[in-house]
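Undergrad: Dropping in final_15.txt, which is compact mmCIF, C-alpha atoms:
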```txt
# COMPACT_ATOMS: atom_id res chain seq x y z
CA MET M 1 -33.18 15.95 -29.46
CA ARG M 2 -31.43 19.02 -28.06
CA ALA M 3 -29.54 18.21 -24.85
CA MET M 4 -30.63 19.96 -21.66
CA PRO M 5 -28.04 22.66 -20.91
CA PHE M 6 -25.90 22.88 -17.82
CA GLY M 7 -27.34 25.11 -15.13
CA GLN M 8 -24.77 24.63 -12.37
CA PHE M 9 -21.10 25.42 -12.92
CA ILE M 10 -18.79 24.14 -10.17
CA VAL M 11 -15.47 25.94 -10.37
CA LYS M 12 -12.50 24.74 -8.35
CA MET M 13 -10.99 27.80 -6.71
CA HIS M 14 -8.34 25.78 -4.86
CA SER M 15 -7.22 22.20 -5.39
CA ARG M 16 -5.95 21.71 -1.84
CA CYS M 17 -7.68 21.63 1.54
CA ASN M 18 -6.63 22.77 5.00
CA LEU M 19 -8.38 19.70 6.46
CA ALA M 20 -7.68 16.00 6.06
CA CYS M 21 -11.09 14.48 6.75
CA ARG M 22 -10.61 10.76 7.26
CA TYR M 23 -13.44 9.75 4.91
CA CYS M 24 -12.68 12.24 2.11
CA TYR M 25 -13.23 10.53 -1.25
CA LEU M 26 -11.37 13.31 -3.05
CA TYR M 27 -8.02 13.23 -1.25
CA ALA M 28 -8.13 9.79 0.37
CA GLY M 29 -9.85 8.02 -2.53
CA PRO M 30 -8.61 6.27 -5.68
CA ASP M 31 -8.26 9.39 -7.87
CA HIS M 32 -5.06 11.41 -7.41
CA GLY M 33 -5.46 13.88 -10.28
CA TRP M 34 -5.51 16.83 -7.87
CA ARG M 35 -1.78 16.33 -7.21
CA ASP M 36 -0.89 17.35 -10.76
CA ARG M 37 -3.02 20.49 -10.87
CA PRO M 38 -2.13 24.01 -9.78
CA ALA M 39 -3.30 24.86 -6.28
CA VAL M 40 -4.96 28.08 -7.46
CA PRO M 41 -6.35 28.79 -10.94
CA ALA M 42 -4.67 31.52 -12.95
CA ARG M 43 -6.81 34.58 -13.65
CA ALA M 44 -6.63 33.75 -17.34
CA THR M 45 -8.21 30.37 -16.56
CA LEU M 46 -10.98 32.01 -14.56
CA ASP M 47 -11.58 34.61 -17.27
CA ARG M 48 -11.85 31.91 -19.92
CA THR M 49 -14.19 29.94 -17.67
CA ALA M 50 -16.44 33.00 -17.30
CA GLU M 51 -16.45 33.44 -21.08
CA ARG M 52 -17.45 29.80 -21.60
CA ILE M 53 -20.21 30.05 -19.00
CA ALA M 54 -21.55 33.20 -20.67
CA GLU M 55 -21.36 31.55 -24.08
CA HIS M 56 -23.42 28.62 -22.78
CA ALA M 57 -25.93 30.91 -21.07
CA SER M 58 -26.38 32.92 -24.26
CA ARG M 59 -26.68 29.91 -26.56
CA HIS M 60 -29.34 28.30 -24.37
CA ARG M 61 -31.02 31.53 -23.25
CA LEU M 62 -30.60 30.69 -19.58
CA SER M 63 -32.56 32.91 -17.22
CA ARG M 64 -30.49 31.84 -14.21
CA LEU M 65 -27.42 29.78 -13.39
CA SER M 66 -25.67 28.59 -10.26
CA LEU M 67 -21.97 29.37 -9.82
CA VAL M 68 -20.50 27.12 -7.12
CA LEU M 69 -17.07 28.17 -5.87
CA HIS M 70 -15.54 24.93 -4.67
CA GLY M 71 -12.36 23.14 -3.70
CA GLY M 72 -10.52 21.70 -1.81
CA GLU M 73 -11.18 24.61 0.48
CA PRO M 74 -12.06 27.57 -1.76
CA LEU M 75 -11.39 30.23 0.89
CA LEU M 76 -7.68 29.34 0.62
CA ALA M 77 -7.78 31.22 -2.70
CA GLY M 78 -8.91 34.45 -1.00
CA THR M 79 -12.16 36.33 -1.41
CA ALA M 80 -10.68 38.66 -4.04
CA LEU M 81 -10.23 35.79 -6.49
CA LEU M 82 -13.69 34.41 -5.71
CA GLY M 83 -15.10 37.87 -6.30
CA HIS M 84 -13.17 38.25 -9.56
CA LEU M 85 -14.75 35.15 -11.11
CA THR M 86 -18.19 36.09 -9.81
CA GLU M 87 -18.10 39.62 -11.21
CA ARG M 88 -16.52 38.55 -14.49
CA THR M 89 -19.28 35.99 -15.00
CA ARG M 90 -22.01 38.51 -14.14
CA THR M 91 -20.53 40.99 -16.59
CA LEU M 92 -20.40 38.53 -19.48
CA VAL M 93 -23.69 36.63 -19.20
CA PRO M 94 -26.71 38.03 -21.06
CA GLY M 95 -28.64 40.69 -19.16
CA ALA M 96 -31.63 38.40 -18.73
CA CYS M 97 -29.53 35.77 -16.91
CA THR M 98 -29.08 35.97 -13.14
CA VAL M 99 -25.94 34.48 -11.60
CA HIS M 100 -26.39 32.88 -8.16
CA PRO M 101 -22.92 32.44 -6.59
CA VAL M 102 -22.26 30.29 -3.53
CA VAL M 103 -19.03 29.16 -1.89
CA GLN M 104 -18.92 25.71 -0.25
CA THR M 105 -16.56 25.82 2.72
CA ASN M 106 -15.63 23.91 5.85
CA ALA M 107 -16.08 27.26 7.69
CA THR M 108 -12.73 27.09 9.52
CA LEU M 109 -11.38 30.08 7.60
CA LEU M 110 -14.45 32.31 7.92
CA THR M 111 -13.59 35.66 9.50
CA GLU M 112 -15.35 39.00 9.61
CA ALA M 113 -13.05 40.31 6.89
CA ARG M 114 -13.71 37.35 4.60
CA LEU M 115 -17.45 37.59 5.18
CA ARG M 116 -17.32 41.27 4.24
CA GLY M 117 -15.49 40.31 1.05
CA LEU M 118 -18.07 37.67 0.18
CA ALA M 119 -20.94 40.04 0.96
CA ARG M 120 -19.43 42.66 -1.35
CA HIS M 121 -19.91 40.26 -4.25
CA GLY M 122 -23.20 38.74 -3.09
CA ILE M 123 -21.63 35.30 -2.60
CA ARG M 124 -23.68 33.09 -0.30
CA VAL M 125 -22.00 30.55 1.98
CA GLY M 126 -22.70 26.82 2.25
CA VAL M 127 -21.03 25.01 5.13
CA SER M 128 -19.91 21.37 5.33
CA LEU M 129 -20.38 19.75 8.75
CA ASP M 130 -21.28 16.26 9.91
CA GLY M 131 -23.46 17.38 12.81
CA GLY M 132 -23.90 20.19 15.27
CA LEU M 133 -21.69 18.80 18.03
CA ALA M 134 -17.95 18.26 18.34
CA ALA M 135 -18.48 14.49 18.67
CA HIS M 136 -20.20 14.39 15.27
CA ASN M 137 -17.18 15.89 13.54
CA GLY M 138 -14.43 13.64 14.85
CA ALA M 139 -13.38 12.62 11.33
CA ARG M 140 -12.98 16.24 10.24
CA VAL M 141 -9.42 16.95 11.34
CA ASP M 142 -6.55 19.04 10.03
CA HIS M 143 -3.32 17.66 8.61
CA ALA M 144 -1.84 17.34 12.09
CA GLY M 145 -4.83 15.33 13.27
CA ARG M 146 -6.29 18.18 15.33
CA PRO M 147 -10.08 18.61 15.45
CA SER M 148 -11.53 21.23 13.12
CA TRP M 149 -14.71 21.72 15.15
CA PRO M 150 -13.62 24.74 17.27
CA ALA M 151 -12.63 26.78 14.21
CA ALA M 152 -15.61 25.56 12.16
CA VAL M 153 -18.23 26.43 14.75
CA ARG M 154 -16.57 29.80 15.38
CA GLY M 155 -16.75 30.61 11.66
CA LEU M 156 -20.31 29.33 11.35
CA ARG M 157 -21.49 31.43 14.30
CA LEU M 158 -19.94 34.51 12.69
CA LEU M 159 -21.91 33.73 9.55
CA MET M 160 -25.16 33.14 11.48
CA GLU M 161 -24.89 36.23 13.64
CA ARG M 162 -23.13 38.80 11.43
CA ARG M 163 -24.17 37.85 7.89
CA PRO M 164 -27.34 35.71 8.09
CA ALA M 165 -28.40 36.82 4.59
CA LEU M 166 -25.34 35.02 3.19
CA TYR M 167 -26.10 31.73 4.98
CA ALA M 168 -27.06 29.19 2.30
CA GLY M 169 -27.22 26.08 4.49
CA ILE M 170 -25.34 23.02 5.72
CA LEU M 171 -24.17 19.96 3.82
CA SER M 172 -23.89 16.92 6.10
CA VAL M 173 -22.75 13.36 5.38
CA VAL M 174 -24.77 10.65 7.12
CA ASP M 175 -22.74 8.80 9.77
CA LEU M 176 -24.30 5.58 11.10
CA ARG M 177 -22.34 5.96 14.34
CA THR M 178 -24.29 9.13 15.11
CA ASP M 179 -27.74 9.03 16.67
CA PRO M 180 -29.98 10.46 13.90
CA ALA M 181 -32.25 12.40 16.25
CA GLU M 182 -29.28 13.95 18.03
CA ALA M 183 -27.59 14.82 14.73
CA TYR M 184 -30.76 16.43 13.35
CA GLU M 185 -31.57 18.44 16.47
CA SER M 186 -27.98 19.64 16.79
CA LEU M 187 -27.93 20.78 13.17
CA LEU M 188 -31.22 22.62 13.66
CA ALA M 189 -29.60 24.52 16.51
CA LEU M 190 -27.27 26.02 13.89
CA ARG M 191 -30.32 27.48 12.10
CA PRO M 192 -29.52 26.35 8.54
CA PRO M 193 -31.91 27.73 5.89
CA ALA M 194 -31.42 24.42 4.06
CA LEU M 195 -29.90 21.08 4.95
CA ASP M 196 -28.45 18.55 2.51
CA LEU M 197 -28.14 15.03 3.91
CA LEU M 198 -25.70 13.06 1.77
CA LEU M 199 -24.95 9.36 1.72
CA PRO M 200 -21.22 8.58 1.98
CA HIS M 201 -19.70 7.93 -1.40
CA GLY M 202 -19.14 4.22 -1.90
CA ASN M 203 -19.95 1.52 -4.43
CA TRP M 204 -20.11 -2.27 -4.83
CA THR M 205 -16.33 -2.54 -5.12
CA ALA M 206 -15.59 -0.18 -2.20
CA PRO M 207 -18.73 -0.28 -0.04
CA PRO M 208 -19.56 2.54 2.37
CA PRO M 209 -19.34 1.94 6.14
CA GLY M 210 -22.02 -0.49 7.38
CA LEU M 211 -22.67 -2.11 3.99
CA PRO M 212 -23.36 -4.73 2.83
CA SER M 213 -26.09 -5.36 5.38
CA ASP M 214 -29.11 -7.61 5.77
CA GLY M 215 -31.15 -4.51 6.54
CA ALA M 216 -31.18 -0.89 5.43
CA PRO M 217 -29.16 1.02 8.03
CA TYR M 218 -28.91 4.25 6.07
CA GLY M 219 -32.58 4.07 5.18
CA ASP M 220 -33.48 3.58 8.84
CA TRP M 221 -31.29 6.54 9.84
CA LEU M 222 -32.92 8.79 7.26
CA CYS M 223 -36.44 7.62 8.16
CA THR M 224 -35.87 8.68 11.77
CA VAL M 225 -34.83 12.16 10.66
CA PHE M 226 -37.72 12.34 8.17
CA ASP M 227 -40.26 11.64 10.91
CA LEU M 228 -38.81 14.40 13.10
CA TRP M 229 -38.86 16.82 10.18
CA TRP M 230 -42.30 15.78 8.92
CA THR M 231 -44.06 15.91 12.29
CA GLY M 232 -42.45 19.11 13.57
CA ASP M 233 -44.84 21.96 14.36
CA VAL M 234 -42.85 24.13 12.00
CA ARG M 235 -40.41 22.69 9.49
CA ALA M 236 -37.43 24.65 10.70
CA THR M 237 -35.36 24.04 7.58
CA ARG M 238 -35.60 22.68 4.07
CA ILE M 239 -34.15 19.18 3.61
CA ARG M 240 -33.64 18.74 -0.10
CA LEU M 241 -33.54 14.94 -0.10
CA PHE M 242 -36.95 14.74 1.57
CA GLU M 243 -38.52 17.53 -0.46
CA GLU M 244 -37.38 15.97 -3.72
CA CYS M 245 -38.59 12.53 -2.65
CA ILE M 246 -42.05 13.94 -1.92
CA ALA M 247 -42.10 15.87 -5.18
CA LEU M 248 -41.20 12.77 -7.18
CA LEU M 249 -43.81 10.68 -5.39
CA LEU M 250 -46.38 13.29 -6.41
CA GLY M 251 -45.21 13.23 -10.02
CA ALA M 252 -43.10 16.40 -10.11
CA PRO M 253 -39.57 16.46 -11.60
CA ALA M 254 -36.58 16.38 -9.25
CA ALA M 255 -33.74 18.87 -9.05
CA THR M 256 -31.09 16.58 -7.57
CA GLU M 257 -28.90 13.83 -8.99
CA SER M 258 -29.52 11.69 -5.89
CA LEU M 259 -33.08 10.81 -6.91
CA GLY M 260 -35.24 10.77 -10.04
CA THR M 261 -34.45 10.28 -13.70
CA GLN M 262 -34.13 13.90 -14.81
CA PRO M 263 -30.76 14.71 -16.46
CA PHE M 264 -28.23 16.22 -14.07
CA THR M 265 -27.16 19.74 -14.99
CA SER M 266 -23.81 20.18 -13.21
CA VAL M 267 -20.34 20.43 -14.69
CA VAL M 268 -16.95 21.03 -13.06
CA VAL M 269 -14.02 23.22 -14.08
CA GLU M 270 -10.73 22.27 -12.40
CA THR M 271 -7.97 24.70 -11.44
CA ASP M 272 -6.13 24.04 -14.72
CA GLY M 273 -9.26 24.67 -16.79
CA SER M 274 -10.10 20.99 -17.35
CA ILE M 275 -13.81 20.31 -17.78
CA GLU M 276 -14.86 17.31 -15.71
CA GLN M 277 -17.90 15.48 -14.47
CA THR M 278 -18.92 15.88 -10.84
CA ASP M 279 -16.33 15.04 -8.18
CA SER M 280 -18.35 12.20 -6.70
CA LEU M 281 -17.31 10.03 -9.66
CA LYS M 282 -13.73 10.16 -8.37
CA SER M 283 -14.82 7.81 -5.59
CA ALA M 284 -15.12 5.03 -8.21
CA TYR M 285 -11.69 4.88 -9.85
CA GLU M 286 -8.80 7.02 -11.13
CA GLY M 287 -9.91 9.23 -14.00
CA ALA M 288 -13.63 8.43 -13.74
CA ALA M 289 -14.59 12.12 -13.88
CA ALA M 290 -12.22 13.08 -16.72
CA THR M 291 -13.50 14.17 -20.12
CA GLY M 292 -10.33 15.27 -21.93
CA LEU M 293 -11.93 18.68 -22.49
CA ASP M 294 -10.90 22.11 -21.21
CA VAL M 295 -12.25 25.65 -21.30
CA PHE M 296 -9.47 26.88 -23.59
CA ARG M 297 -10.27 24.53 -26.48
CA HIS M 298 -13.82 23.35 -25.85
CA SER M 299 -17.26 24.76 -25.16
CA PHE M 300 -19.67 23.45 -22.55
CA ASP M 301 -21.88 22.34 -25.44
CA GLU M 302 -19.12 19.94 -26.45
CA ALA M 303 -19.11 18.65 -22.87
CA LEU M 304 -22.86 17.99 -23.11
CA HIS M 305 -22.14 15.41 -25.81
CA HIS M 306 -19.19 13.73 -24.10
CA PRO M 307 -20.01 9.98 -23.84
CA GLY M 308 -19.59 9.89 -20.07
CA ILE M 309 -21.82 12.89 -19.51
CA ALA M 310 -24.37 11.67 -22.06
CA ALA M 311 -24.52 8.29 -20.29
CA ARG M 312 -25.39 9.98 -17.01
CA ARG M 313 -28.14 11.99 -18.72
CA SER M 314 -29.85 9.06 -20.45
CA GLY M 315 -32.62 8.55 -17.87
CA THR M 316 -34.07 5.08 -17.43
CA ALA M 317 -32.36 3.87 -20.63
CA GLY M 318 -29.03 3.98 -18.82
CA LEU M 319 -30.20 1.96 -15.82
CA SER M 320 -29.75 -1.73 -15.11
CA GLU M 321 -32.48 -4.19 -16.02
CA VAL M 322 -33.26 -4.63 -12.32
CA CYS M 323 -33.82 -0.88 -11.91
CA ARG M 324 -35.91 -0.53 -15.05
CA GLY M 325 -38.26 -3.22 -13.76
CA CYS M 326 -38.65 -1.68 -10.29
CA SER M 327 -41.88 0.09 -9.31
CA LEU M 328 -39.87 2.83 -7.59
CA VAL M 329 -37.64 3.70 -10.54
CA SER M 330 -39.34 7.05 -11.26
CA VAL M 331 -38.51 8.16 -7.72
CA CYS M 332 -35.21 6.41 -7.03
CA GLY M 333 -33.81 6.86 -10.52
CA GLY M 334 -31.30 4.13 -9.80
CA GLY M 335 -29.70 6.20 -7.05
CA GLN M 336 -26.65 8.40 -7.44
CA TYR M 337 -24.52 7.39 -10.40
CA PRO M 338 -21.19 6.77 -8.57
CA HIS M 339 -22.96 4.50 -6.08
CA ARG M 340 -23.80 2.05 -8.89
CA TYR M 341 -20.19 1.27 -9.81
CA ARG M 342 -18.80 -2.28 -9.70
CA ARG M 343 -15.33 -3.05 -11.02
CA GLY M 344 -15.61 -5.04 -14.24
CA TYR M 345 -19.28 -4.12 -14.71
CA GLY M 346 -19.22 -0.32 -14.83
CA PHE M 347 -22.18 1.72 -13.65
CA ARG M 348 -25.04 -0.33 -15.05
CA ASN M 349 -25.99 -1.75 -11.64
CA PRO M 350 -28.47 -0.88 -8.90
CA SER M 351 -27.14 1.50 -6.28
CA VAL M 352 -25.14 0.02 -3.43
CA TYR M 353 -27.80 1.85 -1.37
CA CYS M 354 -30.70 0.13 -3.17
CA ALA M 355 -32.27 -1.33 0.00
CA ASP M 356 -31.79 1.95 1.88
CA LEU M 357 -33.41 4.01 -0.87
CA GLN M 358 -36.35 1.62 -1.03
CA ARG M 359 -36.75 1.84 2.73
CA LEU M 360 -36.77 5.65 2.68
CA ILE M 361 -39.02 6.06 -0.36
CA ARG M 362 -41.66 3.61 0.89
CA HIS M 363 -41.62 5.23 4.32
CA VAL M 364 -42.02 8.74 2.89
CA ALA M 365 -44.79 7.50 0.59
CA SER M 366 -46.59 5.97 3.54
CA ARG M 367 -46.38 9.16 5.62
CA VAL M 368 -47.39 11.45 2.77
CA GLY M 369 -50.20 9.11 1.73
CA ALA M 370 -51.53 8.97 5.29
CA ALA M 371 -51.47 12.76 5.52
CA ALA M 372 -53.31 13.08 2.22
CA THR M 373 -55.95 10.59 3.35
CA THR M 374 -56.40 12.40 6.66
CA ALA M 375 -56.85 15.66 4.81
CA GLY M 376 -59.47 13.99 2.61
CA SER M 377 -57.63 14.88 -0.56
CA GLY M 378 -57.59 11.39 -2.03
CA THR M 379 -54.13 12.06 -3.45
CA ALA M 380 -52.52 8.91 -4.86
CA VAL M 381 -48.88 8.42 -3.91
CA ALA M 382 -46.69 6.07 -5.95
CA GLY M 383 -44.74 3.33 -4.23
CA GLY M 384 -46.72 3.35 -0.99
CA SER M 385 -47.09 -0.41 -0.94
CA ARG M 386 -45.51 -3.41 -2.56
```
Output the structure of this file as C-alpha cells.
TA:
Amino acid sequence: MRAMPFGQFIVKMHSRCNLACRYCYLYAGPDHGWRDRPAVPARATLDRTAERIAEHASRHRLSRLSLVLHGGEPLLAGTALLGHLTERTRTLVPGACTVHPVVQTNATLLTEARLRGLARHGIRVGVSLDGGLAAHNGARVDHAGRPSWPAAVRGLRLLMERRPALYAGILSVVDLRTDPAEAYESLLALRPPALDLLLPHGNWTAPPPGLPSDGAPYGDWLCTVFDLWWTGDVRATRIRLFEECIALLLGAPAATESLGTQPFTSVVVETDGSIEQTDSLKSAYEGAAATGLDVFRHSFDEALHHPGIAARRSGTAGLSEVCRGCSLVSVCGGGQYPHRYRRGYGFRNPSVYCADLQRLIRHVASRVGAAATTAGSGTAVAGGSR
C-alpha cells in the first residue's frame, strides 16, 4: 500500500528562543540535540529543503501543502530568511500546488516592520500564549526571568489591528491552575480566528502536572471550555480539538494527531537539514525524534518509510491491546503518540491522558447527541454512553 504523503513541512528557522518558558519540553526537557545545531539554517540548507518539498509535492501530486516556519523563535532569523524559503518553495512546487506558509511565534518580536515583511510574502502568523491575561502567562519568561507578557500582547495587538488578514490564531497549553472559563474568555478577547488547546507534553515516566489523578482534571477543564464554546450564541472562534472530536464522533476523518487513527502528515527539518519526527517526541527521551536522515542525502519519501514514522502511521495496529479493545478508539486514537511513552515499554501504552480523553469525548458525544435529538435528526453519535 502506498504511504500517505506528508502535507505539513515544519522547518526550523532558528534553533534558539528568546524566552525560557519554565515548562518548555524542547529546551528544558530530556533532549538536548538543539545545542549541537546551528542557530540559523544556511541558505543552502533552506534551498535544498525547498527542493525536497517540491520533489515530494510533484511525486504525490499534492494540490496544497502547509509550510510551518518554526523554532525556537523563528522571528530571530529575520523576515528576509523566512521569505526566502517561502518564495523558493513556491517557485519550485508544481503549478497546481498551493503553498500555505505560517510562522509560529511567541509574538514578542512582532513589529510593524516585521509584519510588513511577513505580509510581503503572504506568511500568516500563529501566536503561542497560555491565556489572555498576564497571570496566565507567568511561566513564559525571558532568560533573565522577566515576564514576556507585555511584549507579547503588544506584538499581538499590532497583528490584530494592523494586519488582521495575517492572523492565523492562538496556540495555548492547558494549565490546571488557570480557571478554564477565565482563560477561554480572555483568549476570545484577543479575537483569534482559530484556537488550539494543547495538553502539556508528558508521559507515564514523566507525568504532566496534576497527574496521576483519581479523576480527569484535564478532561474537566476542557469540558468547561467546550460548554462555553458549544452554547455560545455565536462560536467566536474555531477550536480544532473540539471540531475534530465532533467530526470523529460523526464518522468523519480527523486532521490532527491528537485524536483519531488517521496517519499524521507532518515532518520536521532542523536547522542543519536533519529530517526528524515532530518535536513533541523530544519530551519522551533523548533522540526520540531522530531519523538519521537529512535533506541533502534523503528524500521525504525515504522518511515516510522510516520505522519510527511508519510506527506512528500504523493506525489501530500500533495501539496497545487496551486501546484496541476500547469503544472510543476510533475517536481517541490512543491519544497523542508522545503521551503514551513509558520507559522500558516504549509507546505501546494508553495515553497518560486516557481518563481525561474519555471524559472529554463522552461529554462532547452527550452534548452533540442531545442537540441532534432536539433537532429531530435522529443522528447516532458513537461513545455517548458506556
Undergrad: Leaving out Asn203 (chain M) and any residue of its chain fewer than 2 positions from it, which residues lie within 7 Å of it when counting all atoms listed in the file, given as a PyMOL selection string?
TA: chain M and resi 205-208+338-342+352
Undergrad: Between M:Tyr25, M:Phe347, M:Tyr353, M:Phe300, single out the one closest to Gly210 (chain M), counting all atoms listed in the file.
TA: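 Residue with the minimum atom-to-atom distance to Gly210 (chain M): M:Tyr353.
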Undergrad: Taking (-20.3, 1.4, 6.7) in the file's coordinates as the center, which residues reach within 10 Å of it, counting only C-alpha atoms, put as a ChimeraX atom specification?
TA: /M:175-177,200,202,207-213,217-218
Undergrad: Return the single residue from M:Leu259, M:Ala57, M:Val174, M:Val269 that is closest to Cys245 (chain M), with distances computed using all atoms listed in the file.
TA: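 The shortest atom-to-atom distance to Cys245 (chain M) comes from M:Leu259.
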Undergrad: Restricting the calculation to all atoms listed in the file: of M:Pro41, M:Gly33, M:Gly117, M:Pro350, which residue gets closest to Gly325 (chain M)?
TA: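 Between M:Pro41, M:Gly33, M:Gly117, M:Pro350, the residue approaching Gly325 (chain M) most closely is M:Pro350.
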Undergrad: Please identify all polymer residues lying at most 12 Å from the point (-14.6, 14.4, -21.2) (file coordinates), using only C-alpha atoms, and present the result as a PyMOL selection string.
TA: chain M and resi 267-269+274-278+287-295+298-311
Undergrad: At what distance in Å, to one decimal, does CA of Ala119 (chain M) lie from CA of His136 (chain M)?
TA: 29.4 Å
Undergrad: Using all atoms listed in the file, which protein or nucleic acid residues come within 9 Å of Thr49 (chain M)? Drop anything in the same chain fewer than 5 positions from it, and give the result as a list in words.
TA: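 Here the qualifying residues turn out to be Val11, Ala44, Ala54, Leu85, Thr89, Val269, Gly273, Val295 and Phe296 of chain M.
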Undergrad: Write the residues of the preceding selection, restricted to C-alpha atoms, as an mmCIF file, in the frame of the given file.
TA:
```cif
data_model
loop_
_atom_site.group_PDB
_atom_site.id
_atom_site.type_symbol
_atom_site.label_atom_id
_atom_site.label_comp_id
_atom_site.auth_asym_id
_atom_site.auth_seq_id
_atom_site.Cartn_x
_atom_site.Cartn_y
_atom_site.Cartn_z
ATOM 1 C CA VAL M 11 -15.470 25.940 -10.370
ATOM 2 C CA ALA M 44 -6.630 33.750 -17.340
ATOM 3 C CA ALA M 54 -21.550 33.200 -20.670
ATOM 4 C CA LEU M 85 -14.750 35.150 -11.110
ATOM 5 C CA THR M 89 -19.280 35.990 -15.000
ATOM 6 C CA VAL M 269 -14.020 23.220 -14.080
ATOM 7 C CA GLY M 273 -9.260 24.670 -16.790
ATOM 8 C CA VAL M 295 -12.250 25.650 -21.300
ATOM 9 C CA PHE M 296 -9.470 26.880 -23.590
#
```
Undergrad: Kindly give the distance, in Å, that separates CA of Leu228 (chain M) and CA of Glu243 (chain M), rounded to a single decimal.
TA: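 Separation of CA of Leu228 (chain M) and CA of Glu243 (chain M): 13.9 Å.
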Undergrad: Compare M:Ala50, M:Ala254, M:Cys326, M:Ala77 by their minimum atom-to-atom distance to Pro38 (chain M), counting all atoms listed in the file, and give me the closest one.
TA: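 Among the listed residues, the smallest separation from Pro38 (chain M) belongs to M:Ala77.
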Undergrad: Applying 8 Å and all atoms listed in the file, which residues near Leu248 (chain M) remain after dropping the ones on its own chain fewer than 3 positions away? List them as a PDB file with C-alpha atoms, in the frame of the given file.
TA:
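Here's the written file selection-v3.pdb:
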```pdb
ATOM      1  CA  GLU M 244     -37.380  15.970  -3.720  1.00  0.00           C
ATOM      2  CA  CYS M 245     -38.590  12.530  -2.650  1.00  0.00           C
ATOM      3  CA  GLY M 251     -45.210  13.230 -10.020  1.00  0.00           C
ATOM      4  CA  ALA M 252     -43.100  16.400 -10.110  1.00  0.00           C
ATOM      5  CA  PRO M 253     -39.570  16.460 -11.600  1.00  0.00           C
ATOM      6  CA  ALA M 254     -36.580  16.380  -9.250  1.00  0.00           C
ATOM      7  CA  GLY M 260     -35.240  10.770 -10.040  1.00  0.00           C
ATOM      8  CA  SER M 330     -39.340   7.050 -11.260  1.00  0.00           C
ATOM      9  CA  VAL M 331     -38.510   8.160  -7.720  1.00  0.00           C
TER      10      VAL M 331
END
```
